[in-house]
>>> print(open('target.tsv').read())   # TSV, C-alpha atoms and all ligand atoms
chain	number	residue	atom	x	y	z
A	1	MET	CA	-28.86	-52.38	-72.48
A	2	ASP	CA	-26.54	-51.40	-75.30
A	3	GLN	CA	-27.36	-48.14	-77.00
A	4	LYS	CA	-28.71	-49.12	-80.42
A	5	LYS	CA	-28.45	-46.77	-83.33
A	6	PHE	CA	-31.87	-45.37	-84.13
A	7	CYS	CA	-32.85	-46.58	-87.60
A	8	ILE	CA	-34.92	-44.29	-89.84
A	9	VAL	CA	-36.06	-45.83	-93.10
A	10	GLY	CA	-37.70	-43.95	-95.97
A	11	ASN	CA	-40.00	-46.07	-98.14
A	12	TRP	CA	-40.84	-44.26	-101.37
A	13	LYS	CA	-43.27	-47.00	-102.46
A	14	MET	CA	-44.25	-46.75	-106.15
A	15	ASN	CA	-43.79	-42.99	-106.37
A	16	ALA	CA	-41.65	-40.52	-108.34
A	17	ASP	CA	-40.15	-40.68	-111.82
A	18	ALA	CA	-36.45	-40.35	-112.64
A	19	SER	CA	-36.38	-36.55	-112.50
A	20	GLU	CA	-38.36	-36.44	-109.26
A	21	ALA	CA	-36.08	-39.07	-107.74
A	22	LEU	CA	-33.13	-36.94	-108.76
A	23	ALA	CA	-34.72	-33.89	-107.18
A	24	ILE	CA	-35.32	-35.69	-103.85
A	25	VAL	CA	-31.73	-36.91	-103.65
A	26	SER	CA	-30.28	-33.56	-104.78
A	27	LYS	CA	-32.18	-31.89	-101.99
A	28	SER	CA	-30.97	-34.55	-99.54
A	29	LEU	CA	-27.38	-33.63	-100.33
A	30	SER	CA	-27.82	-30.41	-98.39
A	31	TYR	CA	-28.23	-32.54	-95.25
A	32	LYS	CA	-24.86	-34.26	-95.61
A	33	THR	CA	-23.22	-32.52	-92.65
A	34	LEU	CA	-26.27	-33.08	-90.50
A	35	LEU	CA	-26.13	-36.83	-91.15
A	36	GLU	CA	-22.44	-36.86	-90.25
A	37	LYS	CA	-23.22	-35.11	-87.00
A	38	TYR	CA	-26.02	-37.57	-86.23
A	39	ASP	CA	-24.16	-40.67	-87.35
A	40	ARG	CA	-23.28	-41.70	-83.80
A	41	LEU	CA	-26.97	-42.14	-83.01
A	42	ILE	CA	-28.83	-42.49	-86.29
A	43	THR	CA	-28.79	-44.87	-89.24
A	44	ALA	CA	-30.71	-43.44	-92.20
A	45	VAL	CA	-31.86	-45.71	-95.03
A	46	LEU	CA	-33.59	-44.77	-98.28
A	47	CYS	CA	-35.64	-47.40	-100.11
A	48	PRO	CA	-36.50	-46.06	-103.57
A	49	PRO	CA	-38.24	-48.13	-106.25
A	50	PHE	CA	-35.94	-50.61	-108.04
A	51	PRO	CA	-35.27	-48.47	-111.16
A	52	PHE	CA	-33.87	-45.63	-109.02
A	53	ILE	CA	-31.61	-47.62	-106.72
A	54	ASN	CA	-28.53	-46.94	-108.81
A	55	LEU	CA	-29.30	-43.26	-109.13
A	56	VAL	CA	-29.85	-42.86	-105.38
A	57	LYS	CA	-26.79	-44.94	-104.58
A	58	ASP	CA	-24.53	-42.96	-106.93
A	59	MET	CA	-25.79	-39.57	-105.88
A	60	SER	CA	-25.58	-40.25	-102.18
A	61	LEU	CA	-22.02	-41.55	-102.38
A	62	GLY	CA	-20.02	-40.16	-99.47
A	63	MET	CA	-23.17	-39.42	-97.50
A	64	LYS	CA	-24.01	-41.24	-94.27
A	65	ILE	CA	-27.11	-42.76	-95.78
A	66	SER	CA	-27.75	-46.39	-96.72
A	67	VAL	CA	-29.77	-47.57	-99.67
A	68	GLY	CA	-32.26	-50.41	-99.53
A	69	ALA	CA	-35.03	-51.93	-101.61
A	70	GLN	CA	-38.74	-52.40	-100.99
A	71	ASP	CA	-38.90	-56.13	-101.75
A	72	CYS	CA	-36.97	-59.04	-103.25
A	73	HIS	CA	-37.92	-62.40	-104.72
A	74	ASP	CA	-37.91	-65.50	-102.54
A	75	GLN	CA	-35.58	-67.44	-104.84
A	76	GLU	CA	-31.89	-66.81	-105.60
A	77	GLN	CA	-32.33	-66.54	-109.38
A	78	GLY	CA	-34.12	-68.09	-112.32
A	79	ALA	CA	-37.01	-67.80	-114.73
A	80	PHE	CA	-39.06	-65.25	-112.81
A	81	THR	CA	-39.87	-62.56	-115.34
A	82	GLY	CA	-40.09	-59.10	-113.87
A	83	ASP	CA	-38.76	-60.05	-110.47
A	84	VAL	CA	-35.69	-58.79	-108.62
A	85	SER	CA	-33.37	-60.96	-106.54
A	86	ALA	CA	-31.62	-60.22	-103.26
A	87	ARG	CA	-28.34	-60.94	-105.02
A	88	MET	CA	-29.00	-58.18	-107.57
A	89	LEU	CA	-29.74	-55.74	-104.76
A	90	ALA	CA	-26.60	-56.66	-102.86
A	91	SER	CA	-24.52	-56.29	-106.01
A	92	LEU	CA	-25.83	-52.73	-106.41
A	93	GLY	CA	-24.66	-51.86	-102.90
A	94	CYS	CA	-28.00	-52.13	-101.10
A	95	THR	CA	-27.63	-52.88	-97.41
A	96	HIS	CA	-31.30	-53.32	-96.46
A	97	VAL	CA	-34.48	-54.75	-97.92
A	98	ILE	CA	-38.06	-54.27	-96.73
A	99	ILE	CA	-39.85	-57.60	-96.58
A	100	GLY	CA	-43.51	-58.42	-96.04
A	101	HIS	CA	-44.88	-54.89	-96.20
A	102	SER	CA	-48.65	-54.98	-95.76
A	103	GLU	CA	-49.08	-53.67	-99.30
A	104	ARG	CA	-47.14	-56.71	-100.59
A	105	ARG	CA	-49.23	-58.99	-98.42
A	106	ARG	CA	-52.43	-57.35	-99.64
A	107	PHE	CA	-51.81	-56.71	-103.34
A	108	HIS	CA	-49.47	-59.62	-104.04
A	109	GLN	CA	-50.97	-62.14	-101.65
A	110	GLU	CA	-47.63	-62.67	-99.94
A	111	THR	CA	-47.82	-65.30	-97.23
A	112	ASN	CA	-45.83	-65.59	-94.02
A	113	GLN	CA	-44.09	-68.63	-95.55
A	114	GLN	CA	-42.96	-66.64	-98.58
A	115	ILE	CA	-41.83	-63.84	-96.31
A	116	SER	CA	-39.76	-66.34	-94.32
A	117	GLN	CA	-38.16	-67.50	-97.56
A	118	LYS	CA	-37.44	-63.92	-98.62
A	119	ILE	CA	-35.78	-63.25	-95.28
A	120	GLN	CA	-33.54	-66.28	-95.78
A	121	VAL	CA	-32.50	-65.28	-99.26
A	122	SER	CA	-31.78	-61.72	-98.15
A	123	LEU	CA	-29.64	-62.91	-95.23
A	124	LYS	CA	-27.74	-65.20	-97.56
A	125	ASN	CA	-26.88	-62.11	-99.58
A	126	ASN	CA	-25.86	-60.12	-96.52
A	127	LEU	CA	-28.83	-57.76	-96.67
A	128	ILE	CA	-30.47	-56.61	-93.46
A	129	PRO	CA	-34.16	-57.52	-93.71
A	130	ILE	CA	-36.69	-54.99	-92.45
A	131	ILE	CA	-39.55	-57.34	-91.66
A	132	CYS	CA	-42.99	-55.76	-91.51
A	133	ILE	CA	-45.72	-57.01	-89.22
A	134	GLY	CA	-48.96	-55.42	-88.03
A	135	GLU	CA	-52.66	-55.87	-87.51
A	136	THR	CA	-55.53	-54.57	-89.64
A	137	GLU	CA	-58.20	-52.27	-88.25
A	138	GLU	CA	-60.65	-55.14	-88.09
A	139	GLU	CA	-58.20	-57.34	-86.19
A	140	LYS	CA	-57.52	-54.49	-83.79
A	141	ASN	CA	-61.23	-53.93	-83.18
A	142	GLN	CA	-61.68	-57.61	-82.47
A	143	GLY	CA	-58.90	-57.51	-79.88
A	144	GLN	CA	-56.71	-59.77	-82.04
A	145	THR	CA	-53.60	-57.57	-82.23
A	146	PHE	CA	-51.26	-59.68	-80.09
A	147	ARG	CA	-52.47	-62.92	-81.59
A	148	VAL	CA	-51.89	-61.62	-85.13
A	149	LEU	CA	-48.40	-60.36	-84.26
A	150	ALA	CA	-47.46	-63.63	-82.55
A	151	ARG	CA	-48.50	-65.59	-85.59
A	152	GLN	CA	-46.62	-63.31	-87.97
A	153	LEU	CA	-43.48	-63.52	-85.83
A	154	GLU	CA	-43.72	-67.28	-85.51
A	155	GLU	CA	-44.36	-67.96	-89.17
A	156	CYS	CA	-42.16	-65.28	-90.75
A	157	LEU	CA	-38.96	-65.53	-88.75
A	158	PRO	CA	-36.59	-68.34	-89.76
A	159	GLN	CA	-35.09	-68.55	-86.27
A	160	GLU	CA	-31.99	-70.66	-86.96
A	161	LYS	CA	-31.12	-68.58	-90.04
A	162	LEU	CA	-31.56	-65.30	-88.19
A	163	ALA	CA	-29.38	-66.30	-85.23
A	164	GLY	CA	-26.29	-64.11	-85.11
A	165	LYS	CA	-27.55	-61.82	-87.91
A	166	SER	CA	-28.79	-58.24	-87.75
A	167	PHE	CA	-32.41	-57.67	-88.60
A	168	VAL	CA	-35.19	-55.14	-88.13
A	169	ILE	CA	-38.81	-55.72	-87.23
A	170	ALA	CA	-41.08	-52.91	-88.37
A	171	TYR	CA	-44.30	-52.76	-86.42
A	172	GLU	CA	-46.74	-51.15	-88.82
A	173	PRO	CA	-50.39	-51.21	-87.82
A	174	VAL	CA	-52.05	-51.54	-91.23
A	175	TRP	CA	-54.76	-49.03	-90.25
A	176	ALA	CA	-52.11	-46.39	-89.49
A	177	ILE	CA	-50.43	-46.57	-92.90
A	178	GLY	CA	-51.19	-43.48	-94.97
A	179	SER	CA	-54.24	-42.71	-92.83
A	180	GLY	CA	-52.92	-39.99	-90.53
A	181	LYS	CA	-54.00	-42.13	-87.56
A	182	ILE	CA	-51.42	-43.41	-85.12
A	183	PRO	CA	-51.73	-45.56	-81.99
A	184	GLN	CA	-51.45	-44.00	-78.53
A	185	ASN	CA	-47.88	-43.93	-77.18
A	186	LYS	CA	-48.88	-46.49	-74.56
A	187	GLU	CA	-50.16	-48.86	-77.25
A	188	ILE	CA	-46.89	-48.55	-79.20
A	189	LEU	CA	-44.93	-49.19	-76.01
A	190	ASP	CA	-47.01	-52.27	-75.10
A	191	ILE	CA	-46.69	-53.72	-78.59
A	192	HIS	CA	-42.96	-53.08	-78.86
A	193	HIS	CA	-42.57	-54.63	-75.42
A	194	TYR	CA	-44.46	-57.68	-76.60
A	195	ILE	CA	-42.29	-57.98	-79.73
A	196	TYR	CA	-39.14	-57.55	-77.62
A	197	GLN	CA	-40.24	-60.28	-75.21
A	198	TYR	CA	-40.80	-62.60	-78.14
A	199	LEU	CA	-37.45	-61.82	-79.83
A	200	LEU	CA	-35.40	-62.00	-76.63
A	201	LYS	CA	-36.33	-65.67	-76.30
A	202	PHE	CA	-34.27	-66.38	-79.41
A	203	PHE	CA	-31.99	-63.47	-80.25
A	204	LYS	CA	-29.50	-61.09	-78.66
A	205	THR	CA	-30.79	-57.57	-78.17
A	206	GLN	CA	-27.75	-56.00	-79.92
A	207	LEU	CA	-28.70	-57.70	-83.18
A	208	PHE	CA	-32.28	-56.64	-83.69
A	209	ALA	CA	-34.18	-53.36	-83.79
A	210	VAL	CA	-37.92	-52.87	-83.48
A	211	ILE	CA	-39.07	-49.81	-85.39
A	212	TYR	CA	-42.49	-48.17	-85.78
A	213	GLY	CA	-44.18	-47.27	-89.07
A	214	GLY	CA	-47.51	-45.73	-90.05
A	215	SER	CA	-48.23	-42.01	-90.60
A	216	VAL	CA	-44.92	-40.82	-89.18
A	217	LYS	CA	-44.61	-37.07	-89.78
A	218	PRO	CA	-42.38	-34.30	-88.39
A	219	GLU	CA	-45.20	-33.43	-85.95
A	220	ASN	CA	-45.23	-36.84	-84.27
A	221	ALA	CA	-41.68	-38.09	-84.94
A	222	GLY	CA	-40.20	-36.70	-81.70
A	223	GLY	CA	-42.97	-38.15	-79.55
A	224	ILE	CA	-42.82	-41.60	-81.13
A	225	SER	CA	-39.01	-41.67	-81.05
A	226	SER	CA	-38.96	-41.02	-77.33
A	227	ILE	CA	-41.08	-44.10	-76.54
A	228	LYS	CA	-39.01	-46.77	-74.84
A	229	LEU	CA	-38.24	-49.80	-77.06
A	230	VAL	CA	-38.86	-47.85	-80.26
A	231	ASP	CA	-35.56	-48.29	-82.12
A	232	GLY	CA	-36.47	-46.40	-85.26
A	233	LEU	CA	-39.10	-45.26	-87.74
A	234	LEU	CA	-40.37	-46.49	-91.10
A	235	VAL	CA	-41.55	-43.48	-93.05
A	236	GLY	CA	-43.68	-43.71	-96.21
A	237	GLY	CA	-45.33	-40.57	-97.59
A	238	ALA	CA	-43.13	-38.11	-95.69
A	239	SER	CA	-39.95	-39.65	-97.13
A	240	LEU	CA	-40.86	-38.33	-100.59
A	241	LYS	CA	-40.02	-34.79	-99.56
A	242	ALA	CA	-36.41	-34.46	-98.46
A	243	ASP	CA	-37.21	-31.56	-96.12
A	244	LEU	CA	-39.89	-33.56	-94.32
A	245	PHE	CA	-37.75	-36.69	-94.11
A	246	PHE	CA	-34.79	-34.80	-92.65
A	247	ASP	CA	-37.08	-32.89	-90.33
A	248	ILE	CA	-38.21	-36.28	-89.00
A	249	ILE	CA	-34.57	-37.30	-88.59
A	250	GLN	CA	-33.84	-34.08	-86.69
A	251	LYS	CA	-36.86	-34.51	-84.43
A	252	ALA	CA	-35.90	-38.12	-83.72
A	253	TYR	CA	-32.31	-37.13	-82.96
A	254	ALA	CA	-33.40	-34.32	-80.64
A	255	SER	CA	-35.64	-36.67	-78.70
A	256	ARG	CA	-32.86	-39.26	-78.25
A	257	ALA	CA	-29.69	-37.16	-77.84
B	301	LIG	P1	-46.89	-43.84	-94.32
B	301	LIG	O1	-46.38	-45.30	-94.80
B	301	LIG	O2	-45.74	-43.21	-93.56
B	301	LIG	O3	-47.21	-43.11	-95.59
B	301	LIG	O4	-48.06	-44.08	-93.44
B	301	LIG	C1	-45.58	-46.11	-93.99
B	301	LIG	C2	-45.28	-47.41	-94.70
B	301	LIG	O5	-46.17	-47.97	-95.34
B	301	LIG	O6	-44.14	-47.91	-94.64
>>> encode(input="target.tsv", output="structure tokens")
Amino acid sequence: MDQKKFCIVGNWKMNADASEALAIVSKSLSYKTLLEKYDRLITAVLCPPFPFINLVKDMSLGMKISVGAQDCHDQEQGAFTGDVSARMLASLGCTHVIIGHSERRRFHQETNQQISQKIQVSLKNNLIPIICIGETEEEKNQGQTFRVLARQLEECLPQEKLAGKSFVIAYEPVWAIGSGKIPQNKEILDIHHYIYQYLLKFFKTQLFAVIYGGSVKPENAGGISSIKLVDGLLVGGASLKADLFFDIIQKAYASRA
């Protein structure tokens, strides 16, 4: 199998103000050489809130770090007050966009159908969608994990539109997000294997990555990164401190180099 670049995404969620955002990126600048050294193996992506995309983009110019967004609207443009389009993001230099995060599904009632539409509009604008799927604690306890994932994959992925495009699936067990709990390595392996089996029916392995998210910290980053079929990490809380985020990147690199 081709060696895929390991993709580490920082999701700031709705945190930081302008001066804090500036402080995080300023601190990140001290890791410029490290990112250059790791570039062969690692793709790093920062997804700040919309108002800070420009700031992060400008400040990280010349650094081997990509900038993405946490969401986009499902339509190209129009009378959608307060919303942000994939086209706007692309025009700011974003390369990635997180779609269907469980917090969007939960607090904004996003459906799989809307997520599918968002994926299409992001592809049309040459953004790489980072598509989040995952089961809740209740679904896990009821032994529904694989059924839930299958349904999300089936309903969210616009197969014909995704063919030939790069995309990322982020497996994020909802119960692991922000909780400090993570699945056993074997569970992550089994689930990533399941997702791979599903994707390989339709897509070429070089074009997709399956990454893990949920309570990733420097302490567990090396272990999770060394699990087969884990192609990257989606990091929430720990991406708000540059030292922690880059520690995670270093641990991931060390476990893969
Ligand atoms: P966490 O969040 O790392 O804070 O658990 C992950 C995510 O929601 O993307």
>>> closest_residue(input="target.tsv", among="A:Leu29, A:Val67, A:Val9, A:Ile249", to="ligand LIG 301 (chain B)", atoms="all atoms listed in the file")
A:Val9
>>> closest_atom_pairs(input="target.tsv", of="chain A", to="ligand LIG 301 (chain B)", cutoff="10 Å", atoms="all atoms listed in the file", output="JSON lines")
{"residue": "A:Val9", "atom": "CA", "partner": "B:LIG301", "partner_atom": "O6", "distance": 8.5}
{"residue": "A:Gly10", "atom": "CA", "partner": "B:LIG301", "partner_atom": "O6", "distance": 7.7}
{"residue": "A:Asn11", "atom": "CA", "partner": "B:LIG301", "partner_atom": "O6", "distance": 5.7}
{"residue": "A:Trp12", "atom": "CA", "partner": "B:LIG301", "partner_atom": "O6", "distance": 8.3}
{"residue": "A:Lys13", "atom": "CA", "partner": "B:LIG301", "partner_atom": "O5", "distance": 7.7}
{"residue": "A:Gln70", "atom": "CA", "partner": "B:LIG301", "partner_atom": "O6", "distance": 9.5}
{"residue": "A:Ile98", "atom": "CA", "partner": "B:LIG301", "partner_atom": "O6", "distance": 9.0}
{"residue": "A:His101", "atom": "CA", "partner": "B:LIG301", "partner_atom": "O5", "distance": 7.1}
{"residue": "A:Ser102", "atom": "CA", "partner": "B:LIG301", "partner_atom": "O5", "distance": 7.4}
{"residue": "A:Glu103", "atom": "CA", "partner": "B:LIG301", "partner_atom": "O5", "distance": 7.5}
{"residue": "A:Cys132", "atom": "CA", "partner": "B:LIG301", "partner_atom": "O6", "distance": 8.5}
{"residue": "A:Ala170", "atom": "CA", "partner": "B:LIG301", "partner_atom": "O6", "distance": 8.6}
{"residue": "A:Tyr171", "atom": "CA", "partner": "B:LIG301", "partner_atom": "O6", "distance": 9.5}
{"residue": "A:Glu172", "atom": "CA", "partner": "B:LIG301", "partner_atom": "C2", "distance": 7.1}
{"residue": "A:Pro173", "atom": "CA", "partner": "B:LIG301", "partner_atom": "O5", "distance": 9.2}
{"residue": "A:Val174", "atom": "CA", "partner": "B:LIG301", "partner_atom": "O5", "distance": 8.0}
{"residue": "A:Trp175", "atom": "CA", "partner": "B:LIG301", "partner_atom": "O4", "distance": 8.9}
{"residue": "A:Ala176", "atom": "CA", "partner": "B:LIG301", "partner_atom": "O4", "distance": 6.1}
{"residue": "A:Ile177", "atom": "CA", "partner": "B:LIG301", "partner_atom": "O4", "distance": 3.5}
{"residue": "A:Gly178", "atom": "CA", "partner": "B:LIG301", "partner_atom": "O4", "distance": 3.5}
{"residue": "A:Ser179", "atom": "CA", "partner": "B:LIG301", "partner_atom": "O4", "distance": 6.4}
{"residue": "A:Gly180", "atom": "CA", "partner": "B:LIG301", "partner_atom": "O4", "distance": 7.0}
{"residue": "A:Lys181", "atom": "CA", "partner": "B:LIG301", "partner_atom": "O4", "distance": 8.6}
{"residue": "A:Ile182", "atom": "CA", "partner": "B:LIG301", "partner_atom": "O4", "distance": 9.0}
{"residue": "A:Tyr212", "atom": "CA", "partner": "B:LIG301", "partner_atom": "C1", "distance": 9.0}
{"residue": "A:Gly213", "atom": "CA", "partner": "B:LIG301", "partner_atom": "C1", "distance": 5.2}
{"residue": "A:Gly214", "atom": "CA", "partner": "B:LIG301", "partner_atom": "O4", "distance": 3.8}
{"residue": "A:Ser215", "atom": "CA", "partner": "B:LIG301", "partner_atom": "O4", "distance": 3.5}
{"residue": "A:Val216", "atom": "CA", "partner": "B:LIG301", "partner_atom": "O2", "distance": 5.1}
{"residue": "A:Lys217", "atom": "CA", "partner": "B:LIG301", "partner_atom": "O2", "distance": 7.3}
{"residue": "A:Leu233", "atom": "CA", "partner": "B:LIG301", "partner_atom": "O6", "distance": 8.9}
{"residue": "A:Leu234", "atom": "CA", "partner": "B:LIG301", "partner_atom": "O6", "distance": 5.4}
{"residue": "A:Val235", "atom": "CA", "partner": "B:LIG301", "partner_atom": "O2", "distance": 4.2}
{"residue": "A:Gly236", "atom": "CA", "partner": "B:LIG301", "partner_atom": "O2", "distance": 3.4}
{"residue": "A:Gly237", "atom": "CA", "partner": "B:LIG301", "partner_atom": "O3", "distance": 3.7}
{"residue": "A:Ala238", "atom": "CA", "partner": "B:LIG301", "partner_atom": "O2", "distance": 6.1}
{"residue": "A:Ser239", "atom": "CA", "partner": "B:LIG301", "partner_atom": "O2", "distance": 7.7}
{"residue": "A:Leu240", "atom": "CA", "partner": "B:LIG301", "partner_atom": "O3", "distance": 9.4}
>>> residues_around(input="target.tsv", residues="A:Asp74", least_positions_apart="5", cutoff="12 Å", atoms="only C-alpha atoms", output="list in words")
Phe80, Asp83, Val84, Ser85, Ala86, Arg87, Ile99, Gly100, Glu110, Thr111, Asn112, Gln113, Gln114, Ile115, Ser116, Gln117, Lys118, Ile119, Gln120, Val121, Ser122, Leu123, Lys124 and Asn125 of chain A
>>> atom_distance(input="target.tsv", atom1="atom CA of A:Ile169", atom2="atom CA of A:Ile195")
8.6 Å
>>> closest_residue(input="target.tsv", among="A:Val230, A:Val210, A:Ala221, A:Ala150", to="A:Ala252", atoms="only C-alpha atoms")
A:Ala221
>>> atom_distance(input="target.tsv", atom1="atom CA of A:Arg105", atom2="atom CA of A:Thr81")
19.7 Å
>>> closest_residue(input="target.tsv", among="A:Lys4, A:Lys228, A:His108, A:Arg40", to="A:Leu189", atoms="only C-alpha atoms")
A:Lys228
>>> residues_near_point(input="target.tsv", point="(-55.2, -61.8, -87.9)", cutoff="8 Å", atoms="all atoms listed in the file", output="list of chain:residue names")
A:Glu135, A:Thr136, A:Glu139, A:Gln144, A:Thr145, A:Arg147, A:Val148, A:Leu149
>>> axis_aligned_box(input="target.tsv", around="stretch 12-15 of chain A", padding_each_side="6 Å", output="JSON")
{"center_x": -42.5, "center_y": -45.0, "center_z": -103.9, "size_x": 15.4, "size_y": 16.0, "size_z": 17.0}
>>> closest_residue(input="target.tsv", among="A:Ala18, A:Gly78, A:Tyr38, A:Ser30", to="A:Asp243", atoms="all atoms listed in the file")
A:Ser30
>>> atom_distance(input="target.tsv", atom1="atom CA of A:Ile188", atom2="atom CA of A:Ala254")
19.7 Å
>>> closest_residue(input="target.tsv", among="A:Leu244, A:Ala44, A:Ile133, A:Ala16", to="A:Leu153", atoms="only C-alpha atoms")
A:Ile133
>>> closest_residue(input="target.tsv", among="A:Leu22, A:Cys7, A:Ile191, A:Leu200", to="A:Leu55", atoms="all atoms listed in the file")
A:Leu22
>>> residues_around(input="target.tsv", residues="A:Asn185", least_positions_apart="4", cutoff="9 Å", atoms="all atoms listed in the file", output="PyMOL selection string")
chain A and resi 189-190+223-224+227
>>> write_last_selection(input="target.tsv", atoms="C-alpha atoms", output="short mmCIF file (atom, residue, chain, number, x, y, z; two decimals), keeping the file's coordinate frame")
data_model
loop_
_atom_site.label_atom_id
_atom_site.label_comp_id
_atom_site.auth_asym_id
_atom_site.auth_seq_id
_atom_site.Cartn_x
_atom_site.Cartn_y
_atom_site.Cartn_z
CA LEU A 189 -44.93 -49.19 -76.01
CA ASP A 190 -47.01 -52.27 -75.10
CA GLY A 223 -42.97 -38.15 -79.55
CA ILE A 224 -42.82 -41.60 -81.13
CA ILE A 227 -41.08 -44.10 -76.54
#
>>> residues_around(input="target.tsv", residues="A:Lys5", least_positions_apart="4", cutoff="10 Å", atoms="all atoms listed in the file", output="PyMOL selection string")
chain A and resi 38-44+206+209+231-232
>>> residues_around(input="target.tsv", residues="A:Phe208", least_positions_apart="5", cutoff="8 Å", atoms="only C-alpha atoms", output="VMD selection string")
chain A and resid 166 to 169 203
>>> decode(input="target.tsv", residues="stretch 231-237 of chain A", atoms="all heavy atoms", output="PDB file, in the first residue's frame")
ATOM      1  N   ASP A 231      -4.734   6.943   9.754  1.00  0.00           N
ATOM      2  CA  ASP A 231      -3.974   7.799   8.835  1.00  0.00           C
ATOM      3  C   ASP A 231      -3.830   9.222   9.350  1.00  0.00           C
ATOM      4  O   ASP A 231      -3.415  10.117   8.592  1.00  0.00           O
ATOM      5  CB  ASP A 231      -4.689   7.884   7.476  1.00  0.00           C
ATOM      6  CG  ASP A 231      -4.869   6.525   6.822  1.00  0.00           C
ATOM      7  OD1 ASP A 231      -3.917   5.727   6.866  1.00  0.00           O
ATOM      8  OD2 ASP A 231      -5.958   6.267   6.272  1.00  0.00           O
ATOM      9  N   GLY A 232      -4.228   9.457  10.591  1.00  0.00           N
ATOM     10  CA  GLY A 232      -4.103  10.807  11.112  1.00  0.00           C
ATOM     11  C   GLY A 232      -4.927  10.997  12.369  1.00  0.00           C
ATOM     12  O   GLY A 232      -5.547  10.053  12.878  1.00  0.00           O
ATOM     13  N   LEU A 233      -4.930  12.237  12.870  1.00  0.00           N
ATOM     14  CA  LEU A 233      -5.598  12.560  14.128  1.00  0.00           C
ATOM     15  C   LEU A 233      -6.387  13.848  13.982  1.00  0.00           C
ATOM     16  O   LEU A 233      -5.921  14.791  13.324  1.00  0.00           O
ATOM     17  CB  LEU A 233      -4.551  12.761  15.233  1.00  0.00           C
ATOM     18  CG  LEU A 233      -3.562  11.613  15.479  1.00  0.00           C
ATOM     19  CD1 LEU A 233      -2.424  12.096  16.388  1.00  0.00           C
ATOM     20  CD2 LEU A 233      -4.271  10.412  16.106  1.00  0.00           C
ATOM     21  N   LEU A 234      -7.559  13.886  14.587  1.00  0.00           N
ATOM     22  CA  LEU A 234      -8.317  15.142  14.675  1.00  0.00           C
ATOM     23  C   LEU A 234      -8.281  15.558  16.145  1.00  0.00           C
ATOM     24  O   LEU A 234      -8.746  14.826  17.020  1.00  0.00           O
ATOM     25  CB  LEU A 234      -9.755  14.920  14.177  1.00  0.00           C
ATOM     26  CG  LEU A 234     -10.722  16.112  14.200  1.00  0.00           C
ATOM     27  CD1 LEU A 234     -10.123  17.360  13.603  1.00  0.00           C
ATOM     28  CD2 LEU A 234     -12.002  15.763  13.453  1.00  0.00           C
ATOM     29  N   VAL A 235      -7.685  16.719  16.377  1.00  0.00           N
ATOM     30  CA  VAL A 235      -7.399  17.139  17.751  1.00  0.00           C
ATOM     31  C   VAL A 235      -8.225  18.376  18.098  1.00  0.00           C
ATOM     32  O   VAL A 235      -8.126  19.397  17.410  1.00  0.00           O
ATOM     33  CB  VAL A 235      -5.892  17.481  17.890  1.00  0.00           C
ATOM     34  CG1 VAL A 235      -5.550  17.800  19.332  1.00  0.00           C
ATOM     35  CG2 VAL A 235      -5.022  16.357  17.352  1.00  0.00           C
ATOM     36  N   GLY A 236      -9.029  18.302  19.148  1.00  0.00           N
ATOM     37  CA  GLY A 236      -9.823  19.448  19.573  1.00  0.00           C
ATOM     38  C   GLY A 236      -9.079  20.237  20.630  1.00  0.00           C
ATOM     39  O   GLY A 236      -8.169  21.020  20.327  1.00  0.00           O
ATOM     40  N   GLY A 237      -9.442  20.021  21.892  1.00  0.00           N
ATOM     41  CA  GLY A 237      -8.909  20.786  23.023  1.00  0.00           C
ATOM     42  C   GLY A 237      -7.396  21.006  22.982  1.00  0.00           C
ATOM     43  O   GLY A 237      -6.922  22.128  23.194  1.00  0.00           O
TER      44      GLY A 237
END
